[in-house]
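> Got a structure for you, questions after.
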Amino acid sequence: MRLTIAAFTVFVAVALTAAAQASKPQAVSLTFTMHFTSATTATGTWTSASDLTALNGKSGTVLQTTKITGKGKGKGKKTGQVVHGHKVVTASDGTFVIDFRGGVKPTGATTSEVNGRFVLKKGTGAYKGLHGNGRIHATLDSSSGAITATYTGKAHFESTA
């Protein structure tokens, strides 16, 4: 009987330890289609084609705020201005936050592109414990106010216990 209780105790301890660990990082791909609503804000929609089940096939709305700072560098080259941003991403089953930073490079008279990095954090609902990071590529058109951005990287769920 003692052996059975001891074995059960070890089993429960191992199970709880495994449950407390983060899930394995999986590929995420998020696409944002937005329009500027002011010089520092944009709204729009998002879709996901991710390996991570919680994000696979999901979509919803997004609210973005940005701040542009001085000159930046990327791979030893000047990239122009640097945009720092914050996205609140909403779906029917929760929300999550993305912070990003990237160099702004003009590509035409009214167009630019942003290349940089993002950090995914602060989820609620189905996204509680969601964390990740990766790269961003965005195109901006100041004449129409259109922004299209693709975020690719890896994400996982941290233990919320």
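For the structure tokens, the naming scheme is as follows: chains receive sequential letters (A, B, ...) according to their order of presentation, residues are indexed from 1 within each chain, and ligands are indexed from 1 in presentation order.
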Neighbours of Ala49 (chain A) within 12 Å (only C-alpha atoms; same-chain residues fewer than 4 positions away dropped), as a list in words?
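Result of the neighbour search: Gln26, Ala27, Val28, Ser29, Leu30, Thr31, Phe32, Thr53, Ala54, Leu55, Asn56, Gly57, Lys58, Ser59, Thr150, Tyr151, Thr152 and Gly153 of chain A.
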> Name the residues in contact with Thr124 (chain A) at a cut-off of 8 Å, using only C-alpha atoms, excluding same-chain residues fewer than 2 positions from it; report them as a ChimeraX atom specification.
/A:94-96,122,126-129
> Store the residues of this selection in a file with N, CA, C and O atoms, as a compact mmCIF listing (two decimals), in the first residue's frame.

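As written to disk, selection_20.txt reads:
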# COMPACT_ATOMS: atom_id res chain seq x y z
N GLY A 94 -10.50 36.30 -27.15
CA GLY A 94 -9.52 36.93 -26.28
C GLY A 94 -8.72 38.00 -27.00
O GLY A 94 -9.00 38.35 -28.15
N THR A 95 -7.71 38.53 -26.29
CA THR A 95 -6.84 39.56 -26.85
C THR A 95 -5.38 39.23 -26.53
O THR A 95 -5.10 38.45 -25.61
N PHE A 96 -4.48 39.84 -27.28
CA PHE A 96 -3.06 39.78 -26.95
C PHE A 96 -2.41 41.07 -27.44
O PHE A 96 -2.98 41.81 -28.22
N LYS A 122 1.21 39.39 -23.10
CA LYS A 122 0.02 39.84 -22.39
C LYS A 122 -1.30 39.38 -23.00
O LYS A 122 -2.13 40.20 -23.39
N ALA A 126 -8.35 32.97 -24.53
CA ALA A 126 -7.63 31.86 -25.17
C ALA A 126 -6.15 32.14 -25.35
O ALA A 126 -5.37 31.23 -25.63
N TYR A 127 -5.73 33.40 -25.17
CA TYR A 127 -4.34 33.79 -25.40
C TYR A 127 -3.58 34.06 -24.10
O TYR A 127 -2.46 34.56 -24.13
N LYS A 128 -4.17 33.71 -22.98
CA LYS A 128 -3.50 33.89 -21.69
C LYS A 128 -2.22 33.05 -21.67
O LYS A 128 -2.24 31.87 -21.98
N GLY A 129 -1.11 33.69 -21.35
CA GLY A 129 0.18 33.00 -21.30
C GLY A 129 0.89 32.94 -22.64
O GLY A 129 1.96 32.36 -22.75
> When you look at Thr40 (chain A) with a cut-off of 9 Å (counting only C-alpha atoms), what residues show up, excluding the ones that are within fewer than 3 positions of it in the same chain? I need them as a list in words.
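Residues meeting the cut-off are Phe36, Thr37, Gln64, Thr65, Thr66, Lys67 and Ile68 of chain A.
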> Grab the residues selected above and save them as a compact mmCIF listing (two decimals), in the first residue's frame with N, CA and C atoms.

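The resulting result28.txt:
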# COMPACT_ATOMS: atom_id res chain seq x y z
N PHE A 36 -4.28 54.28 -41.34
CA PHE A 36 -3.99 55.31 -40.35
C PHE A 36 -5.28 56.02 -39.95
N THR A 37 -5.47 56.24 -38.65
CA THR A 37 -6.60 57.03 -38.16
C THR A 37 -6.11 58.38 -37.63
N GLN A 64 -3.48 49.97 -33.34
CA GLN A 64 -2.04 50.18 -33.27
C GLN A 64 -1.73 51.62 -32.91
N THR A 65 -0.75 51.80 -32.02
CA THR A 65 -0.20 53.13 -31.73
C THR A 65 1.29 53.09 -32.03
N THR A 66 1.82 54.20 -32.53
CA THR A 66 3.23 54.25 -32.90
C THR A 66 3.88 55.55 -32.47
N LYS A 67 5.21 55.48 -32.41
CA LYS A 67 6.03 56.66 -32.15
C LYS A 67 7.26 56.51 -33.04
N ILE A 68 7.64 57.58 -33.72
CA ILE A 68 8.81 57.54 -34.59
C ILE A 68 9.93 58.33 -33.93
> At what distance in Å, to one decimal, does CA of Gly123 (chain A) lie from CA of Lys24 (chain A)?
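Going from CA of Lys24 (chain A) over to CA of Gly123 (chain A) covers 17.1 Å.
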> Which is closest to Ile98 (chain A) among A:Leu63, A:Ile147, A:Val82, A:Val114, if we use only C-alpha atoms?
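Of the candidates, the smallest distance to Ile98 (chain A) is held by A:Leu63.
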> Taking only C-alpha atoms into account, which of A:Ser50, A:Ser142, A:Thr107, A:Asn133 comes nearest Leu120 (chain A)?
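Smallest distance to Leu120 (chain A) is found for A:Asn133.
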> Would you mind listing what lies within 12 Å of Pro25 (chain A) as a PyMOL selection string, with only C-alpha atoms counted and same-chain residues fewer than 3 positions away left out?
chain A and resi 21-22+28+50-53+130-134+153-158
> Selection from above, C-alpha atoms, as a CSV table (one decimal), in the first residue's frame, can you write it?

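Wrote selection-v5.csv, looks like this:
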chain,number,residue,atom,x,y,z
A,21,GLN,CA,6.4,24.1,-18.3
A,22,ALA,CA,5.9,26.2,-21.3
A,28,VAL,CA,3.2,31.9,-36.2
A,50,SER,CA,-0.1,29.7,-37.8
A,51,ASP,CA,1.0,26.2,-36.6
A,52,LEU,CA,0.1,27.2,-33.1
A,53,THR,CA,-3.5,25.9,-32.6
A,130,LEU,CA,0.9,33.5,-25.0
A,131,HIS,CA,4.5,34.7,-25.7
A,132,GLY,CA,6.6,34.8,-28.8
A,133,ASN,CA,8.8,36.9,-31.1
A,134,GLY,CA,9.9,37.2,-34.7
A,153,GLY,CA,8.1,34.0,-35.9
A,154,LYS,CA,7.6,31.5,-33.1
A,155,ALA,CA,5.2,31.5,-30.2
A,156,HIS,CA,4.3,29.3,-27.2
A,157,PHE,CA,2.2,29.3,-24.0
A,158,GLU,CA,3.9,30.0,-20.7
> Quick one: of A:Ser23, A:Thr90, A:Gln81, A:Thr110, who's nearest to Trp46 (chain A), counting only C-alpha atoms?
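Of all the options, A:Thr90 lies closest to Trp46 (chain A).
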> Which value, in Å to one decimal, gives the distance between CA of Ser112 (chain A) and CA of Val97 (chain A)?
24.1 Å
> I need the strand (DSSP E) residues of region 87-137 of chain A per DSSP on the backbone, written as a VMD selection string.
chain A and resid 87 to 91 94 to 106 111 to 121 130 to 137
> Would you export the selected residues with C-alpha atoms as a CSV table (one decimal), in the first residue's frame, please?

chain,number,residue,atom,x,y,z
A,87,LYS,CA,-0.7,46.6,-31.1
A,88,VAL,CA,-3.8,45.4,-29.2
A,89,VAL,CA,-5.0,42.4,-31.2
A,90,THR,CA,-8.6,41.2,-30.5
A,91,ALA,CA,-10.4,38.0,-31.6
A,94,GLY,CA,-9.5,36.9,-26.3
A,95,THR,CA,-6.8,39.6,-26.9
A,96,PHE,CA,-3.1,39.8,-26.9
A,97,VAL,CA,-0.5,42.6,-27.2
A,98,ILE,CA,2.4,42.9,-29.6
A,99,ASP,CA,5.2,45.4,-29.2
A,100,PHE,CA,7.4,46.1,-32.3
A,101,ARG,CA,10.3,48.1,-33.5
A,102,GLY,CA,11.7,48.6,-37.0
A,103,GLY,CA,13.6,50.8,-39.4
A,104,VAL,CA,11.5,52.9,-41.8
A,105,LYS,CA,12.9,53.0,-45.3
A,106,PRO,CA,11.3,55.1,-48.1
A,111,THR,CA,5.5,54.7,-49.8
A,112,SER,CA,7.8,53.2,-47.2
A,113,GLU,CA,8.6,49.8,-45.7
A,114,VAL,CA,9.4,48.8,-42.2
A,115,ASN,CA,11.6,45.8,-41.3
A,116,GLY,CA,12.2,44.9,-37.7
A,117,ARG,CA,11.3,42.7,-34.7
A,118,PHE,CA,8.2,42.0,-32.6
A,119,VAL,CA,7.5,40.6,-29.2
A,120,LEU,CA,4.1,39.0,-28.5
A,121,LYS,CA,2.8,39.1,-24.9
A,130,LEU,CA,0.9,33.5,-25.0
A,131,HIS,CA,4.5,34.7,-25.7
A,132,GLY,CA,6.6,34.8,-28.8
A,133,ASN,CA,8.8,36.9,-31.1
A,134,GLY,CA,9.9,37.2,-34.7
A,135,ARG,CA,10.3,39.5,-37.6
A,136,ILE,CA,8.1,42.1,-39.2
A,137,HIS,CA,7.8,43.4,-42.7
> Work out how far CA of Asp141 (chain A) is from CA of Ala42 (chain A), in Å to one decimal.
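About the pair CA of Ala42 (chain A) and CA of Asp141 (chain A): they are 12.5 Å apart.
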